[in-house]
file structure-v9.cif (mmCIF, C-alpha atoms and all ligand atoms)
data_protein
#
loop_
_atom_site.label_atom_id
_atom_site.label_comp_id
_atom_site.auth_asym_id
_atom_site.auth_seq_id
_atom_site.Cartn_x
_atom_site.Cartn_y
_atom_site.Cartn_z
CA MET A 1 0.00 0.00 0.00
CA GLU A 2 2.66 2.49 1.06
CA ARG A 3 4.80 1.53 -1.89
CA ALA A 4 1.96 2.12 -4.28
CA LEU A 5 1.41 5.55 -2.86
CA ALA A 6 5.04 6.44 -2.76
CA SER A 7 5.25 5.79 -6.43
CA ALA A 8 2.38 8.11 -7.10
CA ASP A 9 2.62 11.77 -7.86
CA GLY A 10 3.94 13.07 -4.54
CA ASP A 11 2.18 16.40 -4.54
CA ARG A 12 -1.18 15.13 -5.54
CA SER A 13 -2.99 15.31 -2.24
CA PRO A 14 -6.70 14.58 -2.22
CA GLY A 15 -8.67 17.79 -2.31
CA ASP A 16 -12.34 18.52 -2.39
CA ALA A 17 -14.82 20.68 -4.24
CA LEU A 18 -13.88 23.68 -2.12
CA GLY A 19 -10.22 23.19 -2.90
CA ARG A 20 -9.42 22.09 0.61
CA PRO A 21 -6.48 19.75 0.88
CA LEU A 22 -6.23 17.04 3.52
CA ARG A 23 -3.47 18.20 5.83
CA ASP A 24 -4.41 17.21 9.31
CA LEU A 25 -5.19 13.81 10.78
CA ARG A 26 -6.56 13.19 14.26
CA ILE A 27 -5.85 9.70 15.48
CA SER A 28 -7.80 8.36 18.40
CA VAL A 29 -5.84 5.60 20.11
CA THR A 30 -8.44 4.60 22.66
CA ASP A 31 -12.07 5.21 23.52
CA ARG A 32 -11.35 4.97 27.23
CA CYS A 33 -10.63 7.72 29.71
CA ASN A 34 -9.84 8.06 33.39
CA PHE A 35 -11.97 11.24 33.61
CA ARG A 36 -15.70 11.60 33.29
CA CYS A 37 -15.91 15.22 32.14
CA VAL A 38 -19.53 16.24 32.35
CA TYR A 39 -19.45 17.79 28.89
CA CYS A 40 -17.85 14.76 27.27
CA MET A 41 -18.29 11.44 29.05
CA PRO A 42 -20.91 11.99 31.70
CA LYS A 43 -21.09 9.20 34.27
CA GLU A 44 -24.75 8.58 33.62
CA VAL A 45 -23.86 7.41 30.13
CA PHE A 46 -20.30 6.20 30.56
CA GLY A 47 -20.84 4.23 33.72
CA ARG A 48 -19.83 0.72 34.72
CA ASP A 49 -22.02 -0.90 32.12
CA PHE A 50 -20.77 1.10 29.20
CA GLN A 51 -19.32 -1.14 26.50
CA PHE A 52 -15.96 0.21 25.47
CA LEU A 53 -14.10 -1.27 22.55
CA LYS A 54 -12.45 -4.62 23.09
CA ARG A 55 -8.72 -4.84 22.71
CA GLU A 56 -8.91 -6.69 19.42
CA GLU A 57 -11.20 -4.03 18.03
CA LEU A 58 -8.57 -1.32 18.48
CA LEU A 59 -6.13 -0.70 15.71
CA THR A 60 -2.68 -1.91 16.69
CA PHE A 61 0.18 0.58 16.69
CA GLU A 62 1.51 -1.04 13.53
CA GLU A 63 -1.85 -0.63 11.83
CA ILE A 64 -2.08 3.00 12.90
CA ALA A 65 1.43 3.73 11.70
CA ARG A 66 0.75 2.00 8.40
CA LEU A 67 -2.31 4.13 7.81
CA ALA A 68 -0.49 7.24 8.95
CA ARG A 69 2.19 6.65 6.33
CA VAL A 70 -0.48 6.44 3.68
CA PHE A 71 -2.05 9.69 4.84
CA VAL A 72 1.26 11.49 4.91
CA ALA A 73 1.89 10.27 1.38
CA CYS A 74 -1.49 11.82 0.55
CA GLY A 75 -0.50 15.22 1.89
CA VAL A 76 -1.19 15.08 5.62
CA ARG A 77 1.41 17.17 7.43
CA LYS A 78 0.11 17.21 10.96
CA ILE A 79 -0.96 14.32 13.18
CA ARG A 80 -2.62 14.75 16.52
CA VAL A 81 -2.85 11.72 18.79
CA THR A 82 -5.92 11.83 20.94
CA GLY A 83 -8.54 9.64 22.60
CA GLY A 84 -10.45 9.14 24.97
CA GLU A 85 -7.36 9.78 26.95
CA PRO A 86 -4.36 8.80 24.83
CA LEU A 87 -2.03 8.32 27.78
CA VAL A 88 -4.16 5.51 29.20
CA ARG A 89 -3.24 3.36 26.21
CA ARG A 90 -0.32 1.28 27.32
CA ASN A 91 3.05 2.07 25.69
CA VAL A 92 1.61 4.81 23.54
CA GLU A 93 5.15 6.18 23.25
CA ARG A 94 5.92 3.22 20.98
CA LEU A 95 3.30 4.51 18.59
CA ILE A 96 4.77 7.99 18.85
CA GLU A 97 8.14 6.57 17.90
CA GLN A 98 6.69 4.99 14.78
CA LEU A 99 4.79 8.12 13.80
CA ALA A 100 7.79 10.35 14.43
CA GLY A 101 9.76 8.34 11.91
CA ILE A 102 7.42 9.10 9.03
CA ASP A 103 9.10 11.16 6.35
CA GLY A 104 7.19 14.28 5.45
CA LEU A 105 5.31 14.63 8.73
CA ARG A 106 5.94 18.13 10.07
CA ASP A 107 3.93 18.29 13.26
CA LEU A 108 3.26 15.48 15.71
CA THR A 109 1.24 16.44 18.73
CA MET A 110 -1.06 15.01 21.37
CA THR A 111 -4.10 16.22 23.27
CA THR A 112 -4.24 14.89 26.82
CA ASN A 113 -6.06 15.59 30.05
CA GLY A 114 -2.61 15.86 31.63
CA SER A 115 -3.31 13.41 34.45
CA LEU A 116 -0.42 11.10 33.51
CA LEU A 117 1.75 13.64 31.78
CA ALA A 118 4.13 14.45 34.63
CA SER A 119 5.57 10.95 34.49
CA LYS A 120 5.39 10.54 30.71
CA ALA A 121 6.45 13.87 29.26
CA ARG A 122 10.12 13.05 28.93
CA THR A 123 9.54 9.61 27.40
CA LEU A 124 7.09 11.10 24.93
CA ARG A 125 9.60 13.72 23.91
CA GLU A 126 12.33 11.13 23.55
CA ALA A 127 9.98 9.07 21.41
CA GLY A 128 9.66 12.03 19.06
CA LEU A 129 6.50 13.87 20.08
CA HIS A 130 6.83 17.55 19.17
CA ARG A 131 4.38 19.17 21.55
CA VAL A 132 1.24 18.69 23.64
CA THR A 133 -2.11 20.28 24.27
CA VAL A 134 -3.34 19.81 27.83
CA SER A 135 -6.96 20.22 28.85
CA LEU A 136 -7.69 22.13 32.04
CA ASP A 137 -11.01 23.78 32.78
CA SER A 138 -10.27 25.76 35.94
CA LEU A 139 -7.60 26.53 38.50
CA GLU A 140 -10.09 26.04 41.30
CA ASP A 141 -10.22 22.48 42.55
CA ASP A 142 -13.92 22.46 43.32
CA VAL A 143 -14.79 23.72 39.84
CA PHE A 144 -12.31 21.46 38.04
CA GLN A 145 -13.38 18.44 40.02
CA ALA A 146 -17.02 19.13 39.29
CA MET A 147 -16.08 19.22 35.60
CA ASN A 148 -13.87 16.10 35.50
CA ASP A 149 -16.20 14.30 37.91
CA VAL A 150 -13.52 12.00 39.27
CA ASP A 151 -12.14 14.43 41.87
CA PHE A 152 -8.92 14.89 39.96
CA PRO A 153 -6.87 17.77 41.41
CA VAL A 154 -5.70 20.83 39.46
CA ALA A 155 -2.18 20.62 40.87
CA GLN A 156 -1.47 17.35 39.12
CA VAL A 157 -2.47 18.72 35.74
CA LEU A 158 -0.37 21.81 36.34
CA GLY A 159 2.48 19.46 37.18
CA GLY A 160 1.93 17.74 33.84
CA ILE A 161 2.03 21.07 32.02
CA GLU A 162 5.27 22.03 33.70
CA ALA A 163 6.81 18.63 32.96
CA ALA A 164 5.83 19.06 29.32
CA ALA A 165 7.49 22.47 29.22
CA ARG A 166 10.64 21.08 30.83
CA ALA A 167 10.69 18.26 28.29
CA ALA A 168 10.45 20.85 25.48
CA LEU A 169 7.03 19.66 24.31
CA THR A 170 6.45 23.27 23.41
CA PRO A 171 4.64 25.50 22.86
CA VAL A 172 2.29 23.88 25.34
CA LYS A 173 -1.32 24.67 24.58
CA VAL A 174 -3.96 24.52 27.27
CA ASN A 175 -7.57 23.81 26.33
CA MET A 176 -10.35 25.15 28.52
CA VAL A 177 -13.93 24.24 27.65
CA VAL A 178 -16.13 27.04 28.95
CA LYS A 179 -19.57 26.09 30.16
CA ARG A 180 -22.09 28.63 31.40
CA GLY A 181 -22.99 27.89 35.00
CA GLY A 182 -19.97 25.58 35.25
CA ASN A 183 -16.64 27.35 34.96
CA GLU A 184 -17.19 30.63 33.16
CA HIS A 185 -16.03 32.56 36.20
CA SER A 186 -12.66 30.76 35.92
CA VAL A 187 -11.84 32.40 32.59
CA LEU A 188 -9.97 35.42 33.97
CA GLY A 189 -8.12 33.35 36.56
CA MET A 190 -6.91 30.98 33.84
CA ALA A 191 -5.93 33.87 31.57
CA GLY A 192 -4.04 35.56 34.39
CA HIS A 193 -2.26 32.34 35.33
CA PHE A 194 -1.03 31.50 31.84
CA ARG A 195 -0.20 35.05 30.72
CA GLY A 196 3.53 35.42 30.38
CA THR A 197 4.29 31.70 30.67
CA GLY A 198 4.69 31.01 26.95
CA HIS A 199 1.82 28.51 27.14
CA VAL A 200 -1.11 29.27 24.83
CA LEU A 201 -4.47 29.12 26.56
CA ARG A 202 -7.35 28.29 24.24
CA PHE A 203 -10.96 28.77 25.19
CA ILE A 204 -13.36 26.32 23.60
CA GLU A 205 -17.06 26.88 23.22
CA TYR A 206 -19.00 24.07 24.81
CA MET A 207 -20.21 21.82 22.00
CA ASP A 208 -22.96 19.36 21.46
CA VAL A 209 -21.87 15.76 21.68
CA GLY A 210 -25.12 14.29 20.53
CA THR A 211 -27.54 12.91 23.05
CA THR A 212 -24.89 12.08 25.61
CA ASN A 213 -24.02 15.36 27.29
CA GLY A 214 -27.39 17.10 27.50
CA TRP A 215 -26.06 20.08 25.55
CA ARG A 216 -28.08 23.29 25.70
CA LEU A 217 -27.38 26.46 23.77
CA GLU A 218 -27.84 28.55 26.93
CA GLU A 219 -24.76 26.84 28.36
CA VAL A 220 -22.50 28.01 25.55
CA VAL A 221 -20.39 31.02 26.40
CA PRO A 222 -19.69 32.69 23.04
CA ALA A 223 -16.02 33.18 22.23
CA ALA A 224 -16.68 36.88 21.60
CA GLU A 225 -17.84 37.26 25.19
CA ILE A 226 -14.70 35.55 26.46
CA VAL A 227 -12.45 37.78 24.35
CA ARG A 228 -14.30 40.90 25.55
CA SER A 229 -13.93 40.00 29.19
CA ILE A 230 -10.19 39.34 28.88
CA ASP A 231 -9.63 42.39 26.70
CA ALA A 232 -11.23 44.60 29.35
CA LEU A 233 -8.53 43.58 31.79
CA TRP A 234 -5.58 42.86 29.53
CA PRO A 235 -6.03 44.53 26.12
CA LEU A 236 -5.83 42.13 23.19
CA GLU A 237 -5.30 42.42 19.46
CA PRO A 238 -6.10 39.82 16.78
CA VAL A 239 -3.31 37.84 15.15
CA GLU A 240 -3.33 36.30 11.67
CA PRO A 241 -3.84 32.53 11.56
CA ASN A 242 -0.66 30.46 11.40
CA TYR A 243 -2.02 28.46 8.50
CA ARG A 244 -5.15 27.83 6.51
CA GLY A 245 -7.60 25.76 8.49
CA GLU A 246 -6.33 26.77 11.92
CA VAL A 247 -9.36 26.38 14.13
CA ALA A 248 -8.43 28.73 16.92
CA GLY A 249 -8.88 32.46 16.45
CA ARG A 250 -5.67 34.00 17.78
CA TYR A 251 -5.25 37.11 19.92
CA ARG A 252 -2.18 38.53 21.56
CA TYR A 253 -1.84 40.61 24.67
CA ARG A 254 -0.87 44.13 23.72
CA ASP A 255 1.59 44.22 26.61
CA GLY A 256 3.56 41.35 25.12
CA ALA A 257 2.48 38.70 27.63
CA GLY A 258 1.79 36.11 24.95
CA GLU A 259 -1.32 34.97 23.16
CA ILE A 260 -4.62 33.18 23.61
CA GLY A 261 -6.86 31.28 21.23
CA VAL A 262 -10.61 30.92 20.98
CA ILE A 263 -12.32 28.01 19.32
CA ALA A 264 -15.73 29.31 18.37
CA SER A 265 -17.06 26.10 16.94
CA VAL A 266 -20.65 26.86 17.89
CA THR A 267 -20.93 30.57 17.14
CA GLN A 268 -18.54 30.61 14.17
CA PRO A 269 -18.28 27.16 12.60
CA PHE A 270 -15.19 26.74 10.49
CA CYS A 271 -16.17 24.05 7.96
CA ARG A 272 -15.10 26.07 4.96
CA ASP A 273 -11.45 25.92 5.87
CA CYS A 274 -11.44 22.45 7.36
CA THR A 275 -8.46 20.36 6.31
CA ARG A 276 -8.96 17.53 8.78
CA ALA A 277 -9.87 13.90 8.83
CA ARG A 278 -10.29 11.68 11.84
CA LEU A 279 -9.35 8.11 12.47
CA SER A 280 -11.24 6.45 15.29
CA ALA A 281 -9.67 3.96 17.67
CA ASP A 282 -11.35 1.12 15.79
CA GLY A 283 -10.08 2.31 12.46
CA ARG A 284 -12.90 4.25 10.92
CA LEU A 285 -12.09 7.32 8.94
CA TYR A 286 -14.36 10.33 9.36
CA THR A 287 -14.03 13.18 6.97
CA CYS A 288 -16.38 15.40 8.92
CA LEU A 289 -16.94 15.69 12.63
CA PHE A 290 -20.63 15.31 12.08
CA ALA A 291 -20.43 12.42 9.71
CA SER A 292 -22.55 9.55 10.86
CA ARG A 293 -20.73 7.12 8.61
CA GLY A 294 -17.07 6.37 8.80
CA HIS A 295 -14.98 4.48 6.28
CA ASP A 296 -13.94 1.18 7.74
CA LEU A 297 -10.19 1.12 7.19
CA ARG A 298 -9.60 -1.64 9.72
CA SER A 299 -11.42 -4.12 7.55
CA LEU A 300 -9.30 -3.05 4.64
CA LEU A 301 -6.12 -3.51 6.62
CA ARG A 302 -7.12 -6.82 8.08
CA GLY A 303 -8.89 -8.11 5.02
CA GLY A 304 -5.95 -7.60 2.73
CA ALA A 305 -6.70 -4.42 0.83
CA ARG A 306 -5.35 -4.37 -2.68
CA PRO A 307 -3.24 -1.28 -3.19
CA VAL A 308 -4.05 0.81 -6.20
CA ARG A 309 -2.46 3.79 -7.76
CA LEU A 310 -3.16 7.20 -6.25
CA ALA A 311 -3.38 8.99 -9.53
CA GLY A 312 -5.84 10.34 -11.99
CA PRO A 313 -8.28 13.17 -11.44
CA ARG A 314 -8.74 14.63 -8.01
CA PRO A 315 -11.20 12.84 -5.76
CA GLN A 316 -14.87 13.53 -6.02
CA VAL A 317 -16.21 15.47 -3.13
CA SER A 318 -19.66 16.38 -2.01
CA ALA A 319 -20.14 20.07 -1.47
CA PRO A 320 -22.49 21.49 1.16
CA GLY A 321 -25.94 20.07 0.65
CA GLY A 322 -24.34 17.87 -1.96
CA ARG A 323 -25.24 14.64 -3.56
CA GLU A 324 -24.69 12.22 -0.74
CA GLY A 325 -27.94 12.90 0.99
CA GLY A 326 -26.56 11.35 4.11
CA ARG A 327 -26.69 12.86 7.53
CA ASP A 328 -23.23 14.24 7.02
CA ARG A 329 -24.02 15.97 3.81
CA GLY A 330 -23.89 19.44 5.28
CA ALA A 331 -20.16 19.61 5.39
CA PRO A 332 -18.12 19.01 2.28
CA HIS A 333 -15.58 16.33 2.73
CA HIS A 334 -12.91 14.24 1.18
CA HIS A 335 -13.93 10.92 -0.25
CA LEU A 336 -10.78 8.95 -0.26
CA ASP A 337 -12.51 5.78 -1.24
CA LYS A 338 -14.44 7.38 -4.05
CA ALA A 339 -11.52 8.98 -5.73
CA ASP A 340 -11.10 8.21 -9.36
CA GLY A 341 -7.78 6.79 -8.40
CA PRO A 342 -8.83 5.34 -5.09
CA LEU A 343 -6.51 4.99 -2.19
CA LEU A 344 -7.51 1.46 -1.40
CA ARG A 345 -9.81 -1.00 -2.93
CA ALA A 346 -11.79 -2.93 -0.39
CA PRO A 347 -12.51 -6.61 -0.63
CA HIS A 348 -15.76 -5.67 1.03
CA ARG A 349 -17.04 -2.63 2.82
CA ARG A 350 -19.17 -2.06 5.85
CA ASP A 351 -20.84 1.15 6.87
CA ALA A 352 -20.22 2.64 10.25
CA SER A 353 -23.21 3.30 12.39
CA ALA A 354 -21.60 5.65 14.81
CA ALA A 355 -20.20 9.08 14.19
CA GLN A 356 -16.67 9.23 15.39
CA GLY A 357 -14.38 12.14 15.04
CA GLY A 358 -11.12 13.42 16.32
CA ASP A 359 -10.06 16.03 18.73
CA VAL A 360 -13.12 17.68 20.12
CA ALA A 361 -11.37 20.94 20.41
CA ASP A 362 -11.16 21.03 16.70
CA ARG A 363 -14.67 20.04 16.01
CA GLY A 364 -17.10 22.45 14.65
CA LEU A 365 -20.62 23.53 14.17
CA ALA A 366 -22.65 21.52 16.66
CA ARG A 367 -26.25 22.59 16.46
CA ALA A 368 -25.18 25.74 14.74
CA HIS A 369 -24.58 23.65 11.65
CA PRO A 370 -27.75 23.75 9.59
CA THR A 371 -27.55 20.19 8.38
CA ALA A 372 -25.76 18.53 11.22
CA ASP A 373 -27.56 15.57 12.61
CA PRO A 374 -29.05 16.63 15.93
CA ARG A 375 -27.87 13.31 17.27
CA GLY A 376 -24.47 13.87 15.75
CA GLY A 377 -21.89 15.87 17.60
CA PHE A 378 -18.84 14.10 18.83
CA GLY A 379 -20.36 10.74 18.38
CA SER A 380 -23.96 9.86 18.19
CA VAL A 381 -23.15 6.66 19.97
CA SER A 382 -19.91 7.06 21.78
CA PRO A 383 -18.09 10.34 21.93
CA THR A 384 -15.17 8.62 23.56
CA ARG A 385 -14.65 6.52 20.51
CA SER A 386 -14.07 9.63 18.62
CA ARG A 387 -11.21 11.15 20.44
N1 LIG A 401 -8.75 13.25 26.85
C1 LIG A 401 -7.99 14.23 26.18
C2 LIG A 401 -8.27 15.60 26.70
O1 LIG A 401 -9.26 15.77 27.41
O2 LIG A 401 -7.50 16.50 26.39
C3 LIG A 401 -8.14 14.19 24.68
C4 LIG A 401 -9.50 13.96 24.15
S1 LIG A 401 -10.64 15.27 24.50
C5 LIG A 401 -12.10 14.68 23.85
C6 LIG A 401 -10.09 16.52 23.37
C7 LIG A 401 -10.56 17.91 23.69
O3 LIG A 401 -11.95 18.01 23.50
C8 LIG A 401 -10.32 18.36 25.10
O4 LIG A 401 -9.64 19.58 25.10
C9 LIG A 401 -11.69 18.52 25.67
O5 LIG A 401 -11.74 19.51 26.64
C10 LIG A 401 -12.50 18.87 24.47
N2 LIG A 401 -13.94 18.59 24.62
C11 LIG A 401 -14.51 17.46 25.07
N3 LIG A 401 -15.85 17.57 25.09
C12 LIG A 401 -16.13 18.81 24.64
C13 LIG A 401 -17.35 19.56 24.43
N4 LIG A 401 -18.54 19.04 24.71
N5 LIG A 401 -17.26 20.79 23.93
C14 LIG A 401 -16.06 21.34 23.64
N6 LIG A 401 -14.89 20.71 23.81
C15 LIG A 401 -14.91 19.46 24.32
FE1 LIG A 402 -11.77 12.21 28.99
FE2 LIG A 402 -10.85 14.18 27.52
FE3 LIG A 402 -13.44 13.51 27.41
FE4 LIG A 402 -12.53 14.66 29.59
S1 LIG A 402 -12.58 15.56 27.58
S2 LIG A 402 -13.80 12.81 29.52
S3 LIG A 402 -10.49 13.89 29.71
S4 LIG A 402 -11.74 12.27 26.77
#

call {"tool": "encode", "arguments": {"input": "structure-v9.cif", "output": "structure tokens", "more": "lines below"}}
Ligand code: SAM
Ligand code: SF4
result
Amino acid sequence: MERALASADGDRSPGDALGRPLRDLRISVTDRCNFRCVYCMPKEVFGRDFQFLKREELLTFEEIARLARVFVACGVRKIRVTGGEPLVRRNVERLIEQLAGIDGLRDLTMTTNGSLLASKARTLREAGLHRVTVSLDSLEDDVFQAMNDVDFPVAQVLGGIEAAARAALTPVKVNMVVKRGGNEHSVLGMAGHFRGTGHVLRFIEYMDVGTTNGWRLEEVVPAAEIVRSIDALWPLEPVEPNYRGEVAGRYRYRDGAGEIGVIASVTQPFCRDCTRARLSADGRLYTCLFASRGHDLRSLLRGGARPVRLAGPRPQVSAPGGREGGRDRGAPHHHLDKADGPLLRAPHRRDASAAQGGDVADRGLARAHPTADPRGGFGSVSPTRSR
């Protein structure tokens, strides 16, 4: 498979009808997590009886790396390892080592809740990870613990962030999901804490994850409101995006104390510039966060996919409201398996029944998306499978 792709026209990355290349791959390495964040894996849904994936259902590290090589050959330049919680997957650094060795990959990063980072930061760096994003929703223990719902203390996550900085997994980004009535009063404290540290704090609008987190629009704190409140205390100015498709709006402190980001996925969905695809822990490829069908790559890998040439006209892509008519039709997306010169030819193909995506922080639209499935979100069945 890799050989077939390597022999293809190197610069011919799959694009879509809006001219968006595929640059960014989110790889979920597990559907499990040691937190039960109320906005993501609420205990009522993800309790003792919840059926997580079985070991044999997960892609192996070799399978993930094999797919990653194919994607890099197709133009992907950035890989984010995520979960669930990626650091709960045993020996994940071995995967990092394999990914880090892929020629042409420019950015290898991980999103983690930070709970295990203090002990793993150095090993991850040595394995070749470039940087990390750590999630932290408040500096106040009572607020943070109410959000993570497993009584996990702030200090340990801060320890993880510092260990990451010491291990040069920089710039460290910190993700804070802001939920009205939950932690919105922690915004200024977080901004004040991370100002001047070199870490980039990013505020994420609370998003719908389907039926599992009881999402309500009233609980979304719009990014504009967050920016206004910080600007009133520490004046900000906007910064140009680093690259096309960057999901966070960037602002810098006028006094030079660094920058923040806002991910306004609800109030300002960013589908038009999306360059991402997502690989779930069980090997399904999702070309849109709100896709309800994934492409079953695991079956291809395990069933002996026949490699074919990645050549010919650019892949066919459905534009907004396009021909697919599926629940994911609202967002245009790459159809790797429908390309004129397809990436893989399947011996057989199954449809996914669950929407599974990638890093939630980079997901968009939620209910704000006109055609998004109201049951969609991070995963209409299991959001954890998507991260
Ligand atoms: N477990 C890791 C973590 O928490 O960083 C990685 C996976 S987590 C799903 C990825 C990111 O999605 C985290 O920053 C998390 O805060 C964010 N997230 C989860 N649920 C969300 C929601 N309902 N709305 C917005 N962001 C969410
Ligand atoms: Fe776990 Fe991350 Fe979801 Fe929180 S946001 S429950 S840490 S996967």

call {"tool": "residues_around", "arguments": {"input": "structure-v9.cif", "residues": "Ser138 in chain A", "least_positions_apart": "4", "cutoff": "8 Å", "atoms": "all atoms listed in the file", "output": "list in words"}}
result
Val143, Phe144, Val154, Met176, Asn183, Ser186, Val187, Gly189 and Met190 of chain A

call {"tool": "closest_residue", "arguments": {"input": "structure-v9.cif", "among": "A:Ala257, A:Ile161, A:Val172, A:Leu285", "to": "Leu25 in chain A", "atoms": "only C-alpha atoms"}}
result
A:Leu285

call {"tool": "residues_near_ligand", "arguments": {"input": "structure-v9.cif", "ligand": "ligand LIG 401 (chain A)", "cutoff": "7 Å", "atoms": "all atoms listed in the file", "output": "list in words"}}
result
Cys33, Tyr39, Cys40, Thr82, Gly83, Gly84, Glu85, Pro86, Thr111, Thr112, Asn113, Thr133, Val134, Ser135, Asn175, Met176, Val177, Ile204, Glu205, Tyr206, Met207, Asp208, Val209, Asp359, Val360, Ala361, Thr384 and Arg387 of chain A

call {"tool": "axis_aligned_box", "arguments": {"input": "structure-v9.cif", "around": "range 88-91 of chain A", "padding_each_side": "6 Å", "output": "lines of an AutoDock Vina configuration file"}}
result
center_x = -0.6
center_y = 3.4
center_z = 27.4
size_x = 19.2
size_y = 16.2
size_z = 15.5

call {"tool": "closest_residue", "arguments": {"input": "structure-v9.cif", "among": "A:Asn148, A:Thr30, A:Asn91, A:Thr109", "to": "ligand LIG 402 (chain A)", "atoms": "all atoms listed in the file"}}
result
A:Asn148

call {"tool": "closest_residue", "arguments": {"input": "structure-v9.cif", "among": "A:Asp149, A:Asp282, A:Asp141, A:Glu97", "to": "ligand LIG 402 (chain A)", "atoms": "only C-alpha atoms and all ligand atoms"}}
result
A:Asp149

call {"tool": "closest_residue", "arguments": {"input": "structure-v9.cif", "among": "A:Lys43, A:Arg284, A:Arg36, A:His193", "to": "ligand LIG 402 (chain A)", "atoms": "only C-alpha atoms and all ligand atoms"}}
result
A:Arg36

call {"tool": "closest_residue", "arguments": {"input": "structure-v9.cif", "among": "A:Gln268, A:Gln98, A:Ser292, A:Ser115", "to": "Pro222 in chain A", "atoms": "all atoms listed in the file"}}
result
A:Gln268

call {"tool": "atom_distance", "arguments": {"input": "structure-v9.cif", "atom1": "CA of Gly101 in chain A", "atom2": "CA of Asp24 in chain A"}}
result
16.9 Å

call {"tool": "residues_around", "arguments": {"input": "structure-v9.cif", "residues": "range 214-221 of chain A", "least_positions_apart": "2", "cutoff": "7 Å", "atoms": "only C-alpha atoms", "output": "PDB file with C-alpha atoms, keeping the file's coordinate frame"}}
result
ATOM      1  CA  VAL A 178     -16.130  27.040  28.950  1.00  0.00           C
ATOM      2  CA  LYS A 179     -19.570  26.090  30.160  1.00  0.00           C
ATOM      3  CA  ARG A 180     -22.090  28.630  31.400  1.00  0.00           C
ATOM      4  CA  GLY A 181     -22.990  27.890  35.000  1.00  0.00           C
ATOM      5  CA  GLU A 205     -17.060  26.880  23.220  1.00  0.00           C
ATOM      6  CA  TYR A 206     -19.000  24.070  24.810  1.00  0.00           C
ATOM      7  CA  ASP A 208     -22.960  19.360  21.460  1.00  0.00           C
ATOM      8  CA  THR A 211     -27.540  12.910  23.050  1.00  0.00           C
ATOM      9  CA  THR A 212     -24.890  12.080  25.610  1.00  0.00           C
ATOM     10  CA  ALA A 223     -16.020  33.180  22.230  1.00  0.00           C
ATOM     11  CA  GLU A 225     -17.840  37.260  25.190  1.00  0.00           C
TER      12      GLU A 225
END

call {"tool": "atom_distance", "arguments": {"input": "structure-v9.cif", "atom1": "CA of Lys173 in chain A", "atom2": "CA of Val200 in chain A"}}
result
4.6 Å

call {"tool": "atom_distance", "arguments": {"input": "structure-v9.cif", "atom1": "CA of Gly128 in chain A", "atom2": "CA of Arg80 in chain A"}}
result
12.8 Å

call {"tool": "residues_around", "arguments": {"input": "structure-v9.cif", "residues": "range 248-255 of chain A", "least_positions_apart": "3", "cutoff": "6 Å", "atoms": "all atoms listed in the file", "output": "mmCIF file with C-alpha atoms, keeping the file's coordinate frame"}}
result
data_model
loop_
_atom_site.group_PDB
_atom_site.id
_atom_site.type_symbol
_atom_site.label_atom_id
_atom_site.label_comp_id
_atom_site.auth_asym_id
_atom_site.auth_seq_id
_atom_site.Cartn_x
_atom_site.Cartn_y
_atom_site.Cartn_z
ATOM 1 C CA PRO A 235 -6.030 44.530 26.120
ATOM 2 C CA LEU A 236 -5.830 42.130 23.190
ATOM 3 C CA GLU A 237 -5.300 42.420 19.460
ATOM 4 C CA PRO A 238 -6.100 39.820 16.780
ATOM 5 C CA VAL A 239 -3.310 37.840 15.150
ATOM 6 C CA GLY A 258 1.790 36.110 24.950
ATOM 7 C CA GLU A 259 -1.320 34.970 23.160
ATOM 8 C CA ILE A 260 -4.620 33.180 23.610
ATOM 9 C CA GLY A 261 -6.860 31.280 21.230
ATOM 10 C CA VAL A 262 -10.610 30.920 20.980
ATOM 11 C CA ILE A 263 -12.320 28.010 19.320
#

call {"tool": "closest_residue", "arguments": {"input": "structure-v9.cif", "among": "A:Met110, A:Val81, A:Val92, A:Val38", "to": "ligand LIG 402 (chain A)", "atoms": "only C-alpha atoms and all ligand atoms"}}
result
A:Val38

call {"tool": "residues_near_point", "arguments": {"input": "structure-v9.cif", "point": "(5.1, 10.5, 27.3)", "cutoff": "12 Å", "atoms": "all atoms listed in the file", "output": "ChimeraX atom specification"}}
result
/A:81,86-97,109-112,114-132,160-161,163-164,167-169
